[in-house]
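Structure data follow from query.pdb (PDB, C-alpha atoms):
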```pdb
ATOM      1  CA  MET H   1      23.582  31.131  12.805
ATOM      2  CA  LYS H   2      25.382  33.123  15.517
ATOM      3  CA  SER H   3      27.635  34.694  12.865
ATOM      4  CA  LEU H   4      24.600  35.581  10.753
ATOM      5  CA  PHE H   5      22.900  37.243  13.732
ATOM      6  CA  ILE H   6      25.984  39.378  14.504
ATOM      7  CA  ILE H   7      26.339  40.334  10.829
ATOM      8  CA  ILE H   8      22.701  41.463  10.684
ATOM      9  CA  LEU H   9      23.094  43.660  13.772
ATOM     10  CA  SER H  10      26.407  45.012  12.453
ATOM     11  CA  ILE H  11      24.817  46.002   9.162
ATOM     12  CA  PHE H  12      22.112  48.028  10.886
ATOM     13  CA  ILE H  13      24.685  49.895  12.977
ATOM     14  CA  ASN H  14      26.984  50.597  10.002
ATOM     15  CA  GLN H  15      24.029  51.808   7.933
ATOM     16  CA  GLN H  16      23.090  54.342  10.604
ATOM     17  CA  ILE H  17      26.695  55.580  10.789
ATOM     18  CA  THR H  18      26.838  55.785   6.993
ATOM     19  CA  ILE H  19      23.674  57.864   6.667
ATOM     20  CA  ALA H  20      24.692  60.115   9.577
ATOM     21  CA  GLN H  21      28.099  60.766   7.974
ATOM     22  CA  ILE H  22      26.518  61.641   4.635
ATOM     23  CA  LYS H  23      23.989  64.078   6.117
ATOM     24  CA  ASP H  24      26.477  65.696   8.507
ATOM     25  CA  SER H  25      29.162  66.082   5.821
ATOM     26  CA  ALA H  26      26.856  68.040   3.550
ATOM     27  CA  THR H  27      25.533  70.149   6.428
ATOM     28  CA  MET H  28      28.943  71.163   7.778
ATOM     29  CA  VAL H  29      30.430  71.982   4.394
ATOM     30  CA  VAL H  30      27.457  74.014   3.151
ATOM     31  CA  ALA H  31      26.300  76.370   5.874
ATOM     32  CA  LYS H  32      22.987  77.178   4.152
ATOM     33  CA  PRO H  33      21.156  75.456   1.286
ATOM     34  CA  GLN H  34      20.988  77.554  -1.847
ATOM     35  CA  LYS H  35      17.652  79.384  -2.228
ATOM     36  CA  LYS H  36      17.093  77.888  -5.672
ATOM     37  CA  THR H  37      17.865  74.356  -4.533
ATOM     38  CA  VAL H  38      14.944  71.909  -4.429
ATOM     39  CA  ALA H  39      16.874  68.859  -3.263
ATOM     40  CA  SER H  40      20.363  67.496  -2.703
ATOM     41  CA  ILE H  41      21.498  64.052  -3.796
ATOM     42  CA  LEU H  42      24.572  62.384  -2.351
ATOM     43  CA  ALA H  43      25.773  59.088  -3.772
ATOM     44  CA  GLY H  44      28.818  56.998  -3.034
ATOM     45  CA  ALA H  45      30.060  54.081  -0.966
ATOM     46  CA  VAL H  46      31.482  53.208   2.436
ATOM     47  CA  PHE H  47      34.028  50.492   3.098
ATOM     48  CA  ALA H  48      33.600  49.058   6.615
ATOM     49  CA  PRO H  49      36.697  46.892   7.272
ATOM     50  CA  ARG H  50      35.278  45.323  10.442
ATOM     51  CA  LEU H  51      31.607  44.622  11.034
ATOM     52  CA  HIS H  52      30.762  44.618  14.723
ATOM     53  CA  TYR H  53      27.835  44.968  17.087
ATOM     54  CA  TYR H  54      29.139  47.255  19.845
ATOM     55  CA  GLY H  55      32.430  45.342  19.828
ATOM     56  CA  ARG H  56      30.791  41.941  19.312
ATOM     57  CA  THR H  57      32.160  40.338  16.148
ATOM     58  CA  ASP H  58      31.130  37.405  13.985
ATOM     59  CA  ASP H  59      33.315  34.316  13.664
ATOM     60  CA  LEU H  60      33.957  35.083   9.989
ATOM     61  CA  LYS H  61      35.535  38.526  10.679
ATOM     62  CA  SER H  62      33.344  40.045   7.987
ATOM     63  CA  ASN H  63      33.755  43.396   6.287
ATOM     64  CA  ALA H  64      31.393  45.141   3.898
ATOM     65  CA  LEU H  65      31.099  47.566   1.023
ATOM     66  CA  LEU H  66      28.021  49.792   1.389
ATOM     67  CA  PRO H  67      26.938  51.627  -1.795
ATOM     68  CA  THR H  68      24.585  54.420  -0.702
ATOM     69  CA  VAL H  69      22.363  57.087  -2.222
ATOM     70  CA  LEU H  70      20.542  59.793  -0.254
ATOM     71  CA  ILE H  71      18.127  62.487  -1.406
ATOM     72  CA  GLN H  72      17.243  65.372   0.879
ATOM     73  CA  PHE H  73      14.552  67.968   0.201
ATOM     74  CA  ASP H  74      16.229  71.074   1.539
ATOM     75  CA  SER H  75      13.155  73.239   2.145
ATOM     76  CA  THR H  76      11.171  70.610   4.047
ATOM     77  CA  GLY H  77      13.833  68.610   5.913
ATOM     78  CA  LEU H  78      12.503  65.319   4.548
ATOM     79  CA  TYR H  79      15.009  62.770   3.248
ATOM     80  CA  GLY H  80      15.204  59.213   2.002
ATOM     81  CA  SER H  81      18.089  56.829   1.442
ATOM     82  CA  ALA H  82      18.934  53.338   0.252
ATOM     83  CA  THR H  83      22.045  51.394   1.273
ATOM     84  CA  SER H  84      23.010  48.082  -0.307
ATOM     85  CA  VAL H  85      25.233  45.647   1.572
ATOM     86  CA  LEU H  86      28.008  43.648  -0.125
ATOM     87  CA  LEU H  87      29.450  41.208   2.423
ATOM     88  CA  ASN H  88      33.004  39.962   2.277
ATOM     89  CA  ASN H  89      34.621  37.275   4.453
ATOM     90  CA  LYS H  90      36.439  33.962   4.179
ATOM     91  CA  VAL H  91      33.384  32.140   2.766
ATOM     92  CA  GLN H  92      32.016  34.804   0.390
ATOM     93  CA  SER H  93      33.386  37.631  -1.699
ATOM     94  CA  LEU H  94      31.314  40.821  -2.016
ATOM     95  CA  ASN H  95      28.091  38.842  -1.811
ATOM     96  CA  TYR H  96      24.892  40.918  -1.971
ATOM     97  CA  ALA H  97      23.217  40.555   1.448
ATOM     98  CA  GLY H  98      20.342  43.000   1.116
ATOM     99  CA  THR H  99      19.294  46.650   1.098
ATOM    100  CA  ILE H 100      18.300  49.023   3.887
ATOM    101  CA  ALA H 101      15.764  51.756   3.079
ATOM    102  CA  GLU H 102      15.442  54.778   5.348
ATOM    103  CA  ALA H 103      13.059  57.734   5.488
ATOM    104  CA  GLY H 104      13.289  60.590   7.927
ATOM    105  CA  TYR H 105      12.858  64.229   8.844
ATOM    106  CA  ARG H 106      15.648  66.605   9.827
ATOM    107  CA  PHE H 107      15.025  69.627  12.027
ATOM    108  CA  GLY H 108      17.005  72.452  13.604
ATOM    109  CA  LYS H 109      19.954  74.509  12.448
ATOM    110  CA  GLN H 110      23.725  74.497  12.894
ATOM    111  CA  LYS H 111      23.450  76.088  16.341
ATOM    112  CA  GLY H 112      21.208  75.085  19.222
ATOM    113  CA  PHE H 113      19.008  72.001  19.144
ATOM    114  CA  ALA H 114      18.910  69.897  15.984
ATOM    115  CA  GLY H 115      18.360  66.302  15.023
ATOM    116  CA  ASN H 116      16.320  63.882  12.974
ATOM    117  CA  ILE H 117      13.567  61.298  13.275
ATOM    118  CA  PHE H 118      13.984  58.171  11.147
ATOM    119  CA  GLY H 119      12.582  54.791  10.279
ATOM    120  CA  ASN H 120      14.194  52.063   8.203
ATOM    121  CA  LYS H 121      13.512  48.607   6.871
ATOM    122  CA  PHE H 122      15.854  45.810   5.829
ATOM    123  CA  PHE H 123      15.222  43.761   2.676
ATOM    124  CA  TYR H 124      17.257  40.568   3.053
ATOM    125  CA  ASN H 125      18.661  38.536   0.176
ATOM    126  CA  THR H 126      18.017  35.276   2.029
ATOM    127  CA  THR H 127      15.154  33.418   3.663
ATOM    128  CA  GLN H 128      17.382  31.523   6.115
ATOM    129  CA  LEU H 129      17.110  33.986   8.989
ATOM    130  CA  PRO H 130      16.749  33.498  12.737
ATOM    131  CA  GLN H 131      13.525  34.738  14.356
ATOM    132  CA  SER H 132      15.629  37.422  16.059
ATOM    133  CA  ALA H 133      16.742  38.930  12.731
ATOM    134  CA  LEU H 134      15.970  42.653  12.687
ATOM    135  CA  LYS H 135      13.289  43.742  10.254
ATOM    136  CA  GLU H 136      12.608  47.419  11.017
ATOM    137  CA  GLN H 137      14.036  50.162  13.178
ATOM    138  CA  ALA H 138      12.773  53.587  14.274
ATOM    139  CA  GLY H 139      14.472  56.249  16.320
ATOM    140  CA  ILE H 140      15.504  59.813  16.987
ATOM    141  CA  ASN H 141      18.800  61.692  17.154
ATOM    142  CA  LEU H 142      18.804  64.874  19.219
ATOM    143  CA  ASN H 143      21.864  67.125  19.389
ATOM    144  CA  TYR H 144      22.815  70.404  21.024
ATOM    145  CA  LEU H 145      25.283  72.251  18.801
ATOM    146  CA  ASN H 146      27.484  75.170  19.840
ATOM    147  CA  LYS H 147      30.955  76.596  19.227
ATOM    148  CA  THR H 148      32.558  74.934  22.260
ATOM    149  CA  ILE H 149      31.341  71.325  22.108
ATOM    150  CA  ASN H 150      28.417  69.392  20.641
ATOM    151  CA  VAL H 151      26.274  67.117  22.822
ATOM    152  CA  THR H 152      24.663  64.208  20.989
ATOM    153  CA  THR H 153      21.961  61.775  22.106
ATOM    154  CA  ALA H 154      20.090  59.016  20.284
ATOM    155  CA  GLY H 155      17.411  56.441  20.968
ATOM    156  CA  SER H 156      15.958  53.701  18.815
ATOM    157  CA  ALA H 157      13.770  50.605  18.827
ATOM    158  CA  ALA H 158      14.677  47.612  16.640
ATOM    159  CA  PHE H 159      11.909  45.206  15.698
ATOM    160  CA  SER H 160      12.093  41.501  14.843
ATOM    161  CA  ASN H 161       9.553  38.697  14.691
ATOM    162  CA  SER H 162      10.384  37.543  18.204
ATOM    163  CA  ARG H 163      11.142  40.722  20.186
ATOM    164  CA  THR H 164      11.794  44.450  20.289
ATOM    165  CA  ASP H 165      15.205  45.733  21.401
ATOM    166  CA  PHE H 166      15.893  49.264  22.621
ATOM    167  CA  PHE H 167      19.125  51.231  22.243
ATOM    168  CA  THR H 168      20.378  54.610  23.358
ATOM    169  CA  SER H 169      23.622  56.561  23.146
ATOM    170  CA  ALA H 170      25.154  59.815  24.363
ATOM    171  CA  GLY H 171      28.282  61.544  23.173
ATOM    172  CA  LEU H 172      30.426  64.623  22.822
ATOM    173  CA  ASN H 173      32.208  65.956  19.757
ATOM    174  CA  ARG H 174      33.906  69.080  18.475
ATOM    175  CA  ASN H 175      34.219  70.248  14.860
ATOM    176  CA  PHE H 176      37.439  71.808  13.600
ATOM    177  CA  LYS H 177      36.925  73.300  10.145
ATOM    178  CA  TRP H 178      39.358  75.089   7.850
ATOM    179  CA  LYS H 179      39.552  76.033   4.199
ATOM    180  CA  LYS H 180      42.420  75.952   1.725
ATOM    181  CA  GLY H 181      41.718  77.095  -1.801
ATOM    182  CA  LYS H 182      38.605  75.305  -3.045
ATOM    183  CA  SER H 183      38.981  72.533  -0.481
ATOM    184  CA  ILE H 184      37.329  72.346   2.945
ATOM    185  CA  PHE H 185      38.693  70.157   5.752
ATOM    186  CA  ILE H 186      36.751  69.071   8.849
ATOM    187  CA  LEU H 187      38.084  67.084  11.817
ATOM    188  CA  THR H 188      35.605  65.867  14.468
ATOM    189  CA  PRO H 189      36.994  64.098  17.577
ATOM    190  CA  THR H 190      34.078  62.129  19.053
ATOM    191  CA  ALA H 191      33.386  60.064  22.186
ATOM    192  CA  VAL H 192      30.184  58.002  22.557
ATOM    193  CA  VAL H 193      28.767  55.613  25.142
ATOM    194  CA  ASN H 194      26.204  53.063  23.871
ATOM    195  CA  ALA H 195      23.606  51.177  25.888
ATOM    196  CA  GLY H 196      20.860  48.752  24.959
ATOM    197  CA  SER H 197      18.942  45.554  25.488
ATOM    198  CA  GLN H 198      20.873  42.385  26.235
ATOM    199  CA  ASN H 199      19.296  38.953  26.019
ATOM    200  CA  PHE H 200      20.840  36.414  28.406
ATOM    201  CA  THR H 201      20.635  32.639  28.251
ATOM    202  CA  SER H 202      21.498  30.710  31.411
ATOM    203  CA  ALA H 203      21.911  26.946  31.377
ATOM    204  CA  TYR H 204      21.964  24.336  34.117
ATOM    205  CA  TYR H 205      21.270  20.656  34.647
ATOM    206  CA  LYS H 206      18.150  19.536  36.515
ATOM    207  CA  GLN H 207      18.058  16.070  37.999
ATOM    208  CA  ASN H 208      14.869  14.149  37.223
ATOM    209  CA  THR H 209      13.413  11.804  39.802
ATOM    210  CA  LEU H 210      10.703   9.164  39.852
ATOM    211  CA  ALA H 211       9.361   8.197  43.277
ATOM    212  CA  SER H 212      12.530   9.732  44.819
ATOM    213  CA  ILE H 213      14.687   7.597  42.538
ATOM    214  CA  PRO H 214      17.311   9.748  40.684
ATOM    215  CA  LEU H 215      17.097   9.565  36.872
ATOM    216  CA  ASN H 216      19.083  11.204  34.065
ATOM    217  CA  ASN H 217      19.857  14.925  34.232
ATOM    218  CA  THR H 218      18.075  17.322  31.866
ATOM    219  CA  LEU H 219      19.703  20.467  30.438
ATOM    220  CA  VAL H 220      17.533  23.503  31.207
ATOM    221  CA  THR H 221      18.023  26.900  29.545
ATOM    222  CA  GLU H 222      16.355  30.125  30.686
ATOM    223  CA  ASN H 223      16.210  33.470  28.869
ATOM    224  CA  SER H 224      16.241  36.909  30.484
ATOM    225  CA  ARG H 225      16.787  40.508  29.391
ATOM    226  CA  ARG H 226      18.671  43.478  30.838
ATOM    227  CA  PHE H 227      19.479  47.038  29.740
ATOM    228  CA  ASN H 228      23.250  47.605  29.987
ATOM    229  CA  ILE H 229      26.090  49.748  28.709
ATOM    230  CA  LEU H 230      27.286  47.933  25.575
ATOM    231  CA  SER H 231      30.370  49.866  24.489
ATOM    232  CA  TYR H 232      32.489  52.994  24.581
ATOM    233  CA  GLU H 233      33.515  54.301  21.151
ATOM    234  CA  PHE H 234      36.074  56.911  20.163
ATOM    235  CA  SER H 235      36.439  58.186  16.611
ATOM    236  CA  THR H 236      37.917  61.061  14.633
ATOM    237  CA  PRO H 237      36.162  61.525  11.284
ATOM    238  CA  PHE H 238      38.292  63.513   8.835
ATOM    239  CA  ILE H 239      36.422  65.054   5.896
ATOM    240  CA  TRP H 240      37.967  66.497   2.757
ATOM    241  CA  ALA H 241      35.439  68.296   0.542
ATOM    242  CA  HIS H 242      36.417  69.613  -2.874
ATOM    243  CA  LYS H 243      33.570  71.134  -4.880
ATOM    244  CA  LYS H 244      31.054  68.244  -5.156
ATOM    245  CA  LEU H 245      33.372  65.490  -3.913
ATOM    246  CA  PHE H 246      33.595  64.264  -0.304
ATOM    247  CA  ILE H 247      36.282  61.889   1.006
ATOM    248  CA  ILE H 248      35.949  60.733   4.629
ATOM    249  CA  ALA H 249      38.346  58.637   6.721
ATOM    250  CA  THR H 250      37.079  57.632  10.166
ATOM    251  CA  PRO H 251      39.449  55.934  12.638
ATOM    252  CA  ASN H 252      37.424  54.076  15.298
ATOM    253  CA  TYR H 253      38.369  52.518  18.627
ATOM    254  CA  VAL H 254      35.667  50.378  20.275
ATOM    255  CA  ILE H 255      35.712  49.083  23.858
ATOM    256  CA  PRO H 256      32.927  46.527  24.487
ATOM    257  CA  GLU H 257      31.213  46.342  27.870
ATOM    258  CA  SER H 258      28.774  43.969  29.648
ATOM    259  CA  VAL H 259      30.046  40.928  27.779
ATOM    260  CA  ILE H 260      27.925  37.774  28.027
ATOM    261  CA  THR H 261      30.025  34.685  28.807
ATOM    262  CA  ILE H 262      28.500  31.291  29.622
ATOM    263  CA  GLN H 263      31.042  28.766  30.864
ATOM    264  CA  GLY H 264      30.881  25.483  29.021
ATOM    265  CA  PHE H 265      28.686  26.946  26.250
ATOM    266  CA  PRO H 266      30.913  28.944  23.876
ATOM    267  CA  GLU H 267      28.171  28.924  21.220
ATOM    268  CA  LEU H 268      26.027  31.039  23.588
ATOM    269  CA  SER H 269      28.865  33.382  24.604
ATOM    270  CA  GLU H 270      29.730  36.643  22.867
ATOM    271  CA  ASN H 271      32.892  36.902  20.784
ATOM    272  CA  VAL H 272      34.339  40.288  21.761
ATOM    273  CA  GLN H 273      37.556  42.252  21.610
ATOM    274  CA  LYS H 274      38.732  45.836  21.588
ATOM    275  CA  LEU H 275      38.683  46.971  17.976
ATOM    276  CA  PHE H 276      40.573  49.552  15.963
ATOM    277  CA  PHE H 277      39.671  50.101  12.314
ATOM    278  CA  ILE H 278      39.257  52.889   9.754
ATOM    279  CA  ASN H 279      36.060  53.303   7.736
ATOM    280  CA  LEU H 280      36.529  54.914   4.311
ATOM    281  CA  THR H 281      33.806  56.881   2.512
ATOM    282  CA  ALA H 282      33.599  58.526  -0.926
ATOM    283  CA  LEU H 283      30.588  60.674  -1.893
ATOM    284  CA  TYR H 284      29.495  62.884  -4.768
ATOM    285  CA  SER H 285      26.937  65.669  -4.341
ATOM    286  CA  ILE H 286      24.354  66.806  -6.890
ATOM    287  CA  LYS H 287      22.054  69.820  -6.440
ATOM    288  CA  LEU H 288      18.603  69.885  -8.040
ATOM    289  CA  ASN H 289      17.668  73.518  -8.668
ATOM    290  CA  LYS H 290      14.330  75.186  -9.244
ATOM    291  CA  ASN H 291      13.358  76.080 -12.765
ATOM    292  CA  LYS H 292      13.663  79.781 -13.418
TER     293      LYS H 292
END
```

Give the structure from this file in structure tokens form.
Amino acid sequence: MKSLFIIILSIFINQQITIAQIKDSATMVVAKPQKKTVASILAGAVFAPRLHYYGRTDDLKSNALLPTVLIQFDSTGLYGSATSVLLNNKVQSLNYAGTIAEAGYRFGKQKGFAGNIFGNKFFYNTTQLPQSALKEQAGINLNYLNKTINVTTAGSAAFSNSRTDFFTSAGLNRNFKWKKGKSIFILTPTAVVNAGSQNFTSAYYKQNTLASIPLNNTLVTENSRRFNILSYEFSTPFIWAHKKLFIIATPNYVIPESVITIQGFPELSENVQKLFFINLTALYSIKLNKNK
């Protein structure tokens, strides 16, 4: 169950990264939408070689293939996307785990303040879920873009049947863009700090007594919650765009923080390590134009 919980959280995080990469790739390559364009469709897939939740990993060391399609209405800023999740680990091979649907609104331009508001919902391919399994998420990304360095911030609330968790992040990045023939290359060194809700379980033994006579000890567990820094992440997305094709390679280095460890109860402790991996993305863009 612990592995399932980590996988669920990992999927939500990877989906957000996937959608952000797709939207940002199209925006950076095409400075302005064509006047005759009604909408843009981007379809493709992301391979995530290591699923993690801010450096917390599942026992199965899962990876995933994420087929994705996004449609954006250029004149209004509205967009919608769907991302399917094919899980792969030592007990299953590209097993369909579910689909995440997202709807949102993008605002701003390529300079100054810009961002998006979003909401998404997960449709699981299983009924055997913990109460803490995430069901919906809503949030906002707000960025300040300029020629020197981009400042990024984000905040979100993740909803389950048993609780609501809150997350926030802040980061810096810089875009380096150059063109060769019909190809465009973009390199974006990025540093991000992530913070969010942490749910702690403490355990101890309480001695029972009857008329001052000691009886057997009882194991007592107590739950509490704190808001902590969860990880530091460094990445360098590299985008190659050729006509309607986008290829993205994203090296990532993740340093987990505020690790929960409960001595004597490894099943309640977090499985963490510093991670290095490279996400791979392939996308194809289609423009829907107005009728003349």

For the file shown, what are the residues hit by the PyMOL selection byres ((chain H and resi 119) around 10), laid out as a PyMOL selection string? chain H and resi 80+101-105+117-118+120-121+136-140+156-158

Could you tell me, as a PyMOL selection string, exactly which residues end up selected when the PyMOL selection byres ((chain H and resi 72) around 10) is applied to this structure? chain H and resi 23+38-42+70-71+73-81+103-106+287

Using all atoms listed in the file, determine which residues lie at most 6 Å from Leu66 in chain H, disregarding the query and same-chain residues fewer than 3 positions distant; provide the list as a ChimeraX atom specification. /H:45-46,84-85

C-alpha atoms of the current selection, written as a PDB file, in the coordinates of the input:
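Saved as again-v5.pdb:
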```
ATOM      1  CA  ALA H  45      30.060  54.081  -0.966  1.00  0.00           C
ATOM      2  CA  VAL H  46      31.482  53.208   2.436  1.00  0.00           C
ATOM      3  CA  SER H  84      23.010  48.082  -0.307  1.00  0.00           C
ATOM      4  CA  VAL H  85      25.233  45.647   1.572  1.00  0.00           C
TER       5      VAL H  85
END
```

Written as a list in words, what is the full residue list that the PyMOL selection byres ((chain H and resi 280) around 6) yields on the file shown?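 Applied to this file, the PyMOL selection byres ((chain H and resi 280) around 6) selects Val46, Phe47, Ile248, Ala249, Asn279 and Thr281 of chain H.
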
Determine, using all atoms listed in the file, which residues of range 19-121 of chain H have any atom at most 10 Å from an atom of range 231-234 of chain H, and tabulate each with its shortest atom pair and distance in Å to one decimal place, rows ordered by chain and then rising number, as a tab-separated table.
```
residue	atom	partner	partner_atom	distance
H:Tyr53	CA	H:Ser231	CA	9.2
H:Tyr54	CA	H:Ser231	CA	5.5
H:Gly55	CA	H:Ser231	CA	6.8
H:Arg56	CA	H:Ser231	CA	9.5
```

CA of Leu94 in chain H to CA of Phe246 in chain H: how many Å, to one decimal?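 A separation of 23.6 Å between them.
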
Once you add 5 Å to each side, what are the centre and edge lengths of the axis-aligned box holding all listed atoms of range 146-158 of chain H? One decimal in Å, as AutoDock Vina command-line options, if you can.
```
--center_x 23.2 --center_y 62.1 --center_z 19.7 --size_x 28.8 --size_y 39.0 --size_z 16.2
```

Any chance you could turn range 142-153 of chain H into a file with N, CA, C and O atoms, as a compact mmCIF listing (two decimals), in the first residue's frame?
```txt
# COMPACT_ATOMS: atom_id res chain seq x y z
N LEU H 142 2.60 31.14 -11.31
CA LEU H 142 2.79 32.56 -11.60
C LEU H 142 4.28 32.82 -11.81
O LEU H 142 5.10 32.52 -10.94
N ASN H 143 4.61 33.39 -12.98
CA ASN H 143 6.01 33.58 -13.36
C ASN H 143 6.27 35.03 -13.74
O ASN H 143 5.38 35.72 -14.24
N TYR H 144 7.50 35.47 -13.49
CA TYR H 144 7.94 36.77 -13.98
C TYR H 144 9.05 36.51 -14.99
O TYR H 144 10.12 35.98 -14.64
N LEU H 145 8.81 36.87 -16.25
CA LEU H 145 9.70 36.53 -17.34
C LEU H 145 10.43 37.78 -17.83
O LEU H 145 9.82 38.83 -18.06
N ASN H 146 11.75 37.67 -17.99
CA ASN H 146 12.53 38.77 -18.55
C ASN H 146 13.77 38.20 -19.24
O ASN H 146 14.01 37.00 -19.22
N LYS H 147 14.57 39.07 -19.83
CA LYS H 147 15.73 38.61 -20.60
C LYS H 147 16.84 38.05 -19.72
O LYS H 147 17.61 37.21 -20.16
N THR H 148 16.93 38.52 -18.49
CA THR H 148 18.04 38.12 -17.62
C THR H 148 17.78 36.76 -16.97
O THR H 148 18.56 35.82 -17.11
N ILE H 149 16.66 36.64 -16.24
CA ILE H 149 16.34 35.41 -15.54
C ILE H 149 14.83 35.38 -15.28
O ILE H 149 14.20 36.42 -15.09
N ASN H 150 14.27 34.20 -15.30
CA ASN H 150 12.83 34.02 -15.04
C ASN H 150 12.63 33.56 -13.60
O ASN H 150 13.31 32.66 -13.13
N VAL H 151 11.67 34.17 -12.93
CA VAL H 151 11.30 33.78 -11.56
C VAL H 151 9.97 33.04 -11.62
O VAL H 151 8.99 33.55 -12.19
N THR H 152 9.94 31.83 -11.07
CA THR H 152 8.73 31.01 -11.14
C THR H 152 8.23 30.69 -9.74
O THR H 152 9.01 30.44 -8.83
N THR H 153 6.91 30.72 -9.57
CA THR H 153 6.28 30.32 -8.32
C THR H 153 5.06 29.47 -8.64
O THR H 153 4.47 29.59 -9.72
```
